[in-house]
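These notes are about the structure you will find just below.
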Amino acid sequence: MKNYLGTAVFCALFLAVSAQAQENPSLDDQLRAHLHKEYFTLNLLIQSEGRFAFEDNDFQGGRTFNAANARISLRGNLKGGFFYRIFVNAAPKPALLDAFAGYKLNDAFSFMVGSMKPSQTLDFIPDPGSHNFVDRTNMTGLLVGSRETGIAATGDIGGFYYYTGIFNGSGLDNNNNNKLYGIGRLQYTVKNNIPGYIQFAVSGSHGNSGGITSGTNGPMLRGRRTILGSDLELELSRLYFAAEYLQGSLETVDLPNINDLISGYYFTGGLRWSEKTMTLARWQSWSFKEAGTTESKLTLGTNIGFTDIVGLVLNLDMYKPDQGDALYGASFIFQVQF
């Protein structure tokens, strides 16, 4: 009788605790429940960054701590299929990122007008809080801009995803030469009958963008630029792999009579040890045809999710310049994102 009574008391206590857990969701769940509504969603990304060059030099910023990002996004869906977004960053200095409104007819077609992040290359599509490494690849920084102002259309049809847009070609500034810049991406994703997904894509852009910098840290342009790329991404069970090739034919200020050709590629491999822990390795290489230089970089990383919204990214880097000795360094990002 006592055993039955003890079992009954244990079951009652277990049911009570389970019911209380269901009635009292975690702080993370409560936060999202209050801030994530279909008509009004508030997202926040805070990233603190540290860098350490193994030698006393300025490799990847030397030895320093930074407030890398303090991003605030307001977005939502409205009556009739309309939607909006405003996105700002307060660090390292105040800046507008996105400001657009749009209309979604169905999954196959929607469009947006304003300032936005184009979906061009695989390396640049993820937001900073979802990227696998502390830094984007060097070829992306040399060729692809982070934001543009214009009109874009996107959709998903039976596994095929497309993105196409016409922009000023001058970042978030007004059009500086009355020429337009086109950007496009077409990708196909295989999900059926596999424990994950395989994604193939091609991308490209073309236009006259004289007077601006190519990408985020490339050469100054004097005229037209044409960028072409292809990429592959797959995740099968615990394994991850990504590869991308990108090349740009650029009319630059430094070469007034000929076009420069900047090209590059990367390979990324990863293993997910648990739901919140993953190790990665990335090899990248980029070159300038006219200068005859080729550089490369190896990055080893570990990504740790302490909770659903708090995480840590750890990287070790080895950079091999075209001439000279290799440089080594470490970096990390500690972040909160919801």
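In the structure tokens, chains take the letters A, B, ... in the order shown, each chain's residues start at 1, and ligands count up from 1 in the order shown.
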Non-local contacts of Phe65 of chain A (7 Å; only C-alpha atoms; under 3 positions in same chain excluded) as a PDB file with C-alpha atoms, in the first residue's frame:
```
ATOM      1  CA  GLU A  49      34.079  41.154 -31.217  1.00  0.00           C
ATOM      2  CA  GLY A  50      37.663  40.455 -30.214  1.00  0.00           C
ATOM      3  CA  ARG A  51      40.735  40.055 -32.422  1.00  0.00           C
TER       4      ARG A  51
END
```
Contact check, segment 109-130 of chain A to segment 25-44 of chain A, at most 12 Å, counting only C-alpha atoms, closest pairs as a Markdown table:
```
| residue | atom | partner | partner_atom | distance |
| --- | --- | --- | --- | --- |
| A:Asp127 | CA | A:Leu44 | CA | 11.7 |
| A:Pro128 | CA | A:Leu44 | CA | 11.6 |
| A:Gly129 | CA | A:Leu44 | CA | 9.9 |
```
For the residues in that selection, give me all heavy atoms as a compact mmCIF listing (two decimals), in the first residue's frame.
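What landed in part-v2.txt:
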```
# COMPACT_ATOMS: atom_id res chain seq x y z
N ASP A 127 22.59 36.71 -42.58
CA ASP A 127 22.87 37.89 -41.77
C ASP A 127 24.08 37.62 -40.88
O ASP A 127 24.49 36.46 -40.71
CB ASP A 127 21.65 38.26 -40.92
CG ASP A 127 21.34 37.18 -39.88
OD1 ASP A 127 21.93 37.24 -38.79
OD2 ASP A 127 20.52 36.28 -40.17
N PRO A 128 24.71 38.66 -40.30
CA PRO A 128 25.92 38.44 -39.50
C PRO A 128 25.72 37.48 -38.33
O PRO A 128 26.66 36.76 -37.95
CB PRO A 128 26.27 39.85 -39.00
CG PRO A 128 25.66 40.77 -40.00
CD PRO A 128 24.41 40.09 -40.46
N GLY A 129 24.53 37.44 -37.78
CA GLY A 129 24.29 36.54 -36.66
C GLY A 129 24.13 35.09 -37.05
O GLY A 129 24.22 34.20 -36.21
```
Requested in this report: Determine which residues of segment 23-254 of chain A DSSP labels as helix (DSSP H, G or I) from the backbone of this structure, then write them out as a PyMOL selection string.
Outcome: chain A and resi 23+27-35+59-61+79-81+138-143
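Take atom CA of Ser230 of chain A and atom CA of Gly155 of chain A: the distance between them is 19.0 Å.
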Report task. Could you give me, as a ChimeraX atom specification, the residues within 8 Å of Phe83 of chain A, counting only C-alpha atoms and dropping anything in the same chain fewer than 6 positions from it? Result -> /A:75-77,101-104
Margin query: Among segment 82-207 of chain A, which residues does DSSP mark as strand (DSSP E or B) when it is run on the backbone? Keep the chain and numbering as in the structure and answer as a ChimeraX atom specification.
Written below: /A:82-89,95-106,109-116,148-157,160-167,181-190,196-207
Test item: residues at most 9 Å from segment 254-259 of chain A, only C-alpha atoms, excluding those fewer than 4 positions along its chain, as a ChimeraX atom specification = /A:219-222,225,249-250,290
Distance table requested - segment 20-116 of chain A against segment 133-147 of chain A, cut-off 8 Å, only C-alpha atoms: one row per qualifying residue with the closest atom pair and its distance in Å to one decimal, ordered by chain and rising residue number, as a tab-separated table.
```
residue	atom	partner	partner_atom	distance
A:Leu97	CA	A:Arg147	CA	6.9
A:Asp98	CA	A:Arg147	CA	7.8
A:Ser115	CA	A:Arg147	CA	6.9
A:Met116	CA	A:Arg147	CA	5.6
```
Atom CA of Arg238 of chain A sits from atom CA of Leu186 of chain A at a separation of 26.3 Å
Using 12 Å as the limit and counting only C-alpha atoms, can you tabulate each residue of segment 33-68 of chain A that touches segment 294-310 of chain A, with its shortest atom-to-atom distance in Å and the two atoms involved, as a tab-separated table?
```
residue	atom	partner	partner_atom	distance
A:Asn43	CA	A:Ile309	CA	11.0
A:Leu44	CA	A:Ile309	CA	10.0
A:Leu45	CA	A:Ile309	CA	9.4
A:Ile46	CA	A:Val310	CA	9.7
A:Gln47	CA	A:Val310	CA	10.1
A:Ser48	CA	A:Val310	CA	11.8
A:Gln60	CA	A:Lys297	CA	11.9
```
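Distance annotation: of A:Gly184, A:Gly158, A:Gly80, A:Pro92, the residue with the minimal separation from Ser119 of chain A is A:Gly184; atom set is only C-alpha atoms.
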Counting only C-alpha atoms, the residue among A:Gln247, A:Asn208, A:Thr277, A:Thr64 that lies closest to Lys289 of chain A is A:Gln247
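If only C-alpha atoms are the atoms counted, then among A:Tyr245, A:Leu280, A:Leu312, A:Phe124 the closest residue to Tyr265 of chain A is A:Tyr245.
Distances here use only C-alpha atoms; by that measure, the residue among A:Arg85, A:Arg282, A:Lys276, A:Arg71 closest to Gly311 of chain A is A:Lys276.
The nearest approach to Ser274 of chain A among the residues A:Thr293, A:Gln335, A:Ser237, A:Asn176, with only C-alpha atoms taken into account, belongs to A:Ser237.
Residue nearest Asn89 of chain A within the list A:Ala242, A:Gly215, A:Ala70, A:Asn106: A:Ala70 [criterion: smallest interatomic distance, only C-alpha atoms].
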Considering only C-alpha atoms, return as a PDB file with N, CA, C and O atoms, in the first residue's frame whatever protein or nucleic-acid residues lie within 9 Å of Leu105 of chain A, sequence-local ones (same chain, fewer than 6 positions apart) excluded.
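In the end it all went to around.pdb:
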```pdb
ATOM      1  N   GLY A  80      -3.880  42.663 -47.037  1.00  0.00           N
ATOM      2  CA  GLY A  80      -3.822  42.697 -48.490  1.00  0.00           C
ATOM      3  C   GLY A  80      -2.548  42.169 -49.089  1.00  0.00           C
ATOM      4  O   GLY A  80      -2.310  42.327 -50.291  1.00  0.00           O
ATOM      5  N   GLY A  81      -1.661  41.539 -48.280  1.00  0.00           N
ATOM      6  CA  GLY A  81      -0.431  40.989 -48.811  1.00  0.00           C
ATOM      7  C   GLY A  81       0.751  41.940 -48.779  1.00  0.00           C
ATOM      8  O   GLY A  81       1.842  41.587 -49.263  1.00  0.00           O
ATOM      9  N   PHE A  82       0.581  43.131 -48.221  1.00  0.00           N
ATOM     10  CA  PHE A  82       1.682  44.096 -48.149  1.00  0.00           C
ATOM     11  C   PHE A  82       2.566  43.801 -46.933  1.00  0.00           C
ATOM     12  O   PHE A  82       2.120  43.215 -45.938  1.00  0.00           O
ATOM     13  N   PHE A 111       7.368  41.459 -54.511  1.00  0.00           N
ATOM     14  CA  PHE A 111       8.324  42.494 -54.877  1.00  0.00           C
ATOM     15  C   PHE A 111       8.470  43.468 -53.724  1.00  0.00           C
ATOM     16  O   PHE A 111       7.592  43.581 -52.860  1.00  0.00           O
TER      17      PHE A 111
END
```
